[in-house]
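Novice: Dumping the structure here so I can ask a few things about it.
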Amino acid sequence: MPAGLASLSSGNVRAVLERGFTVIRNQNWMILVSGFFEPVFYLLAMGVGMGMLVGQVEGPGGAPITYAAYIAPALLATSAMNGAIYDSTWNVFFKLRFAKLYQAMLQTSLGPLDVALGEIFMALFRGFIYALGFLGVLAAMGLVTSWWALAMVPVAVLIAFGFAALGMAVTSYLTSFQQMDLINFLMLPMFLFSATLYPITVYPEAVQWLVMAMPLWHGVELMRQLSVGHLTGATLVHVGYFLGMTVVGLWLTTVRLRALFLR
Amino acid sequence: MTEHPPTEPTAPDAAAATTPEPDATTLAYSGRIPPHTQMAEHARRFGWWYYAETYLRGMRAYAVPITFYAIGQPLLYLVAMGIGLAALVSGGVGTVDDVDYLTFVAPALLVSTVVMSVSGEMTYPVMSGFKWQRLYYGPAASPVSPGQIAVGHFTAVAIRFTLQSLVFWAVMQAFGASTQVLTSMLLVPIGVLSAMAFGALLQAYAATVKDEGFQFAFVQRFVVMPMFLFAGTFFPLTVMPLYLQWIGWISPVWHGTQLARVASYGAEVEPWLMAVHLVFLLACIVGGLLAGVRVYRRRLGA
């Protein structure tokens, strides 16, 4: 291990994970599991009900697909985002400001990078479970038409990684519950406008650029392309976006935790 | 009781002269506070309003997020659903219920977003009154009765959502989303009625919850969310298969939405059915409040 990293990590992420799994096992597995139903309800309501009004829409590559098949990948991307954001903002905020959990952890040999990676991994685990379950539902409803759809699971984890890393970094700046509402103010419009329920071409061009700058749009596009197996150069751009977001988020989180606790 | 001549001369100041009650306490002689017997009588009669006032004043702590929501939510939903999603609908079936999609969805969005927001005021704040901040116990120790506390909490929340419905209605008009501007003003009372129908039931339930666990998260996930999605907000209930339609029938959102559509663009709903919708909502409110008062009374020990 490089010398610079030694002050950030003791290489014992496992201890943080062990605690995370113990909490899930003992306390909140019901909440965790029930989160799976949210995208499924959306899919049923919007896919079946709205599908009757909308009919077929243009999928990636121009081929017509059913409305349910159109929104399903978007809902998977959204659920990956939601899971990761809740875990890395509300959860982290509570542990940071009220439970003082990280303070306790950092009193031990654990370094800030261990804590950051451990917490983010827990968010990813949740995203992974949801993605797996949701893909099963899609397959059962006959909404996936390509083997590429299998890649939606690791991609959901990548999306969750990006959001979790950045979410935790942002949370470290917040000090009160009122400020936490800012996160909702960002997430609802992002969900409503990121080509989740309809294509962004209905907006003026300036708005389209704004939407394309948002991370969820990249996640939605990426998932949609995978669901039908239509991959282009843009696919790499979307993947790159999340890789970049992950790196920046991780770096920022580590720096912030170090600043908060080691001074 | 009149054989106490010294009592009156011992309070010779001007305030005493203006005090209507001769048997008032010393505090009352200052003229600023009514005598405690009178205050107790007021509290016995208007306690529900005193509690509502306290709760409304407490809302000032989060006035900024409330304002953001009140204005932001209608804007976001109307743009996203009424304009974005509408583009897909007009490419599909064209119009819904003989009106364009924005007109169809807007009154339903008003009802369902207001109903959804009410869950924020009727879950954790209720529990907090009993358990965390224990705000209910102070008033309960005064002549204000537990039932009045329940009604007061309910009243304050109703007032908040009256304002929120009003803002939503105004934004709707700015979007030109009603064909009948005048009768569409009825959307405000309809929105509040639907919200409080669900709110009263939720309040009664929340008052029975003793431990913070998964209950409220489950309510959010398995009651509030399905109500938003399956209660005919985004599409007529009848396009759904029958095994999903019952979710609409039992949810205040659908009943409120039906009425709202009549008020907003003159949707064709048979008069007897409108009566059913109205009775359903009122029954929820009365039933919920009665149950709520009972639980509050039991739990606050009176």
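Within each chain, counting starts at residue 1; across the structure tokens, chains are named A, B, ... in the order shown, with ligands numbered 1 upward in that order.
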Give the residues of chain B that lie within 6 Å of chain A; count only C-alpha atoms, and format the answer as JSON, numbers by chain.
Specialist: {"B": [80, 85, 88, 89, 92, 93, 229, 230, 240]}
Novice: I need the chosen residues saved as a compact mmCIF listing (two decimals), in the first residue's frame, with N, CA, C and O atoms.
Specialist:
```
# COMPACT_ATOMS: atom_id res chain seq x y z
N ALA B 80 -44.33 17.86 -16.29
CA ALA B 80 -43.90 16.50 -16.63
C ALA B 80 -45.04 15.66 -17.19
O ALA B 80 -44.92 15.06 -18.25
N LEU B 85 -45.81 13.86 -20.81
CA LEU B 85 -46.52 12.61 -21.05
C LEU B 85 -47.65 12.81 -22.05
O LEU B 85 -47.98 11.92 -22.83
N LEU B 88 -46.99 11.91 -25.59
CA LEU B 88 -47.11 10.50 -25.95
C LEU B 88 -48.57 10.09 -26.13
O LEU B 88 -48.90 9.32 -27.01
N VAL B 89 -49.43 10.63 -25.25
CA VAL B 89 -50.85 10.26 -25.33
C VAL B 89 -51.45 10.75 -26.64
O VAL B 89 -52.18 10.04 -27.30
N GLY B 92 -50.82 8.52 -29.18
CA GLY B 92 -51.51 7.24 -29.03
C GLY B 92 -53.00 7.39 -29.27
O GLY B 92 -53.46 7.46 -30.40
N VAL B 93 -53.75 7.52 -28.18
CA VAL B 93 -55.21 7.60 -28.33
C VAL B 93 -55.70 9.01 -28.64
O VAL B 93 -56.86 9.18 -28.96
N LEU B 229 -50.69 5.70 -7.80
CA LEU B 229 -50.48 5.07 -9.10
C LEU B 229 -51.72 4.38 -9.66
O LEU B 229 -51.93 4.36 -10.87
N PHE B 230 -52.53 3.78 -8.78
CA PHE B 230 -53.61 2.92 -9.27
C PHE B 230 -55.00 3.53 -9.11
O PHE B 230 -55.98 2.83 -9.27
N MET B 240 -57.78 -0.26 -16.60
CA MET B 240 -57.03 -1.27 -15.85
C MET B 240 -57.83 -2.57 -15.80
O MET B 240 -59.05 -2.55 -15.82
```
Novice: Would you return as a ChimeraX atom specification the members of stretch 48-162 of chain A that DSSP assigns to alpha helix (DSSP H) on this structure's backbone?
Specialist: /A:51-54,67-86,92-93,101-107,112-140,152-162
Novice: Would you compute the distance between atom CA of A:Ala234 and atom CA of A:Ser79? Give it in Å to one decimal.
Specialist: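 For atom CA of A:Ala234 relative to atom CA of A:Ser79, the distance reads 22.1 Å.
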Novice: With only C-alpha atoms as the atoms that count, which of A:Ala259, A:Leu132, A:Ala164, A:Val115 lies nearest to A:Ala15?
Specialist: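 Going through A:Ala259, A:Leu132, A:Ala164, A:Val115 one by one, the smallest distance to A:Ala15 is for A:Val115.
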Novice: Kindly give the distance, in Å, that separates atom CA of B:Tyr137 and atom CA of A:Trp90, rounded to a single decimal.
Specialist: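 Those two atoms sit 29.4 Å apart.
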Novice: Compile the contact shell of B:Ala40 as a ChimeraX atom specification: residues with an atom at most 9 Å away, counting only C-alpha atoms, same-chain residues fewer than 3 positions apart removed.
Specialist: /B:35-37,43-45,142-144
Novice: How about saving the chosen residues, C-alpha atoms kept, as a compact mmCIF listing (two decimals), in the first residue's frame?
Specialist:
```txt
# COMPACT_ATOMS: atom_id res chain seq x y z
CA PRO B 35 -59.12 34.86 35.27
CA HIS B 36 -58.17 31.22 35.27
CA THR B 37 -61.71 29.95 35.60
CA ALA B 43 -60.05 26.00 26.77
CA ARG B 44 -62.87 23.57 27.37
CA ARG B 45 -64.77 25.14 24.51
CA SER B 142 -54.90 21.36 30.94
CA PRO B 143 -58.68 21.60 30.46
CA VAL B 144 -58.05 20.84 26.75
```
Novice: Sort by chain and increasing residue number a table of all residues of stretch 273-292 of chain B within 12 Å of stretch 151-157 of chain B, each with its closest pair of atoms and their distance in Å to one decimal, counting only C-alpha atoms, and write it as CSV.
Specialist:
```
residue,atom,partner,partner_atom,distance
B:Ile285,CA,B:Phe154,CA,10.0
B:Val286,CA,B:Val151,CA,11.0
B:Gly288,CA,B:Phe154,CA,10.3
B:Leu289,CA,B:Val151,CA,7.2
B:Leu290,CA,B:Val151,CA,9.5
B:Ala291,CA,B:Val151,CA,11.2
B:Gly292,CA,B:Val151,CA,8.4
```
Novice: How about saving the chosen residues, N, CA and C atoms kept, as a PDB file, in the first residue's frame?
Specialist:
```pdb
ATOM      1  N   ILE B 285     -63.863  10.808   6.767  1.00  0.00           N
ATOM      2  CA  ILE B 285     -63.483  11.866   7.704  1.00  0.00           C
ATOM      3  C   ILE B 285     -64.141  11.632   9.057  1.00  0.00           C
ATOM      4  N   VAL B 286     -65.463  11.392   9.046  1.00  0.00           N
ATOM      5  CA  VAL B 286     -66.168  11.207  10.309  1.00  0.00           C
ATOM      6  C   VAL B 286     -65.653   9.953  11.033  1.00  0.00           C
ATOM      7  N   GLY B 288     -62.808   8.371  10.622  1.00  0.00           N
ATOM      8  CA  GLY B 288     -61.416   8.541  11.041  1.00  0.00           C
ATOM      9  C   GLY B 288     -61.310   9.407  12.278  1.00  0.00           C
ATOM     10  N   LEU B 289     -62.067  10.501  12.293  1.00  0.00           N
ATOM     11  CA  LEU B 289     -61.994  11.410  13.449  1.00  0.00           C
ATOM     12  C   LEU B 289     -62.527  10.735  14.715  1.00  0.00           C
ATOM     13  N   LEU B 290     -63.647  10.021  14.575  1.00  0.00           N
ATOM     14  CA  LEU B 290     -64.212   9.343  15.752  1.00  0.00           C
ATOM     15  C   LEU B 290     -63.207   8.338  16.310  1.00  0.00           C
ATOM     16  N   ALA B 291     -62.620   7.560  15.386  1.00  0.00           N
ATOM     17  CA  ALA B 291     -61.635   6.574  15.824  1.00  0.00           C
ATOM     18  C   ALA B 291     -60.437   7.285  16.444  1.00  0.00           C
ATOM     19  N   GLY B 292     -60.009   8.381  15.801  1.00  0.00           N
ATOM     20  CA  GLY B 292     -58.854   9.122  16.296  1.00  0.00           C
ATOM     21  C   GLY B 292     -59.093   9.652  17.700  1.00  0.00           C
TER      22      GLY B 292
END
```
Novice: Report the distance between atom CA of B:Glu212 and atom CA of B:Phe130 in Å, rounded to one decimal place.
Specialist: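 Distance reported for this atom pair: 11.6 Å.
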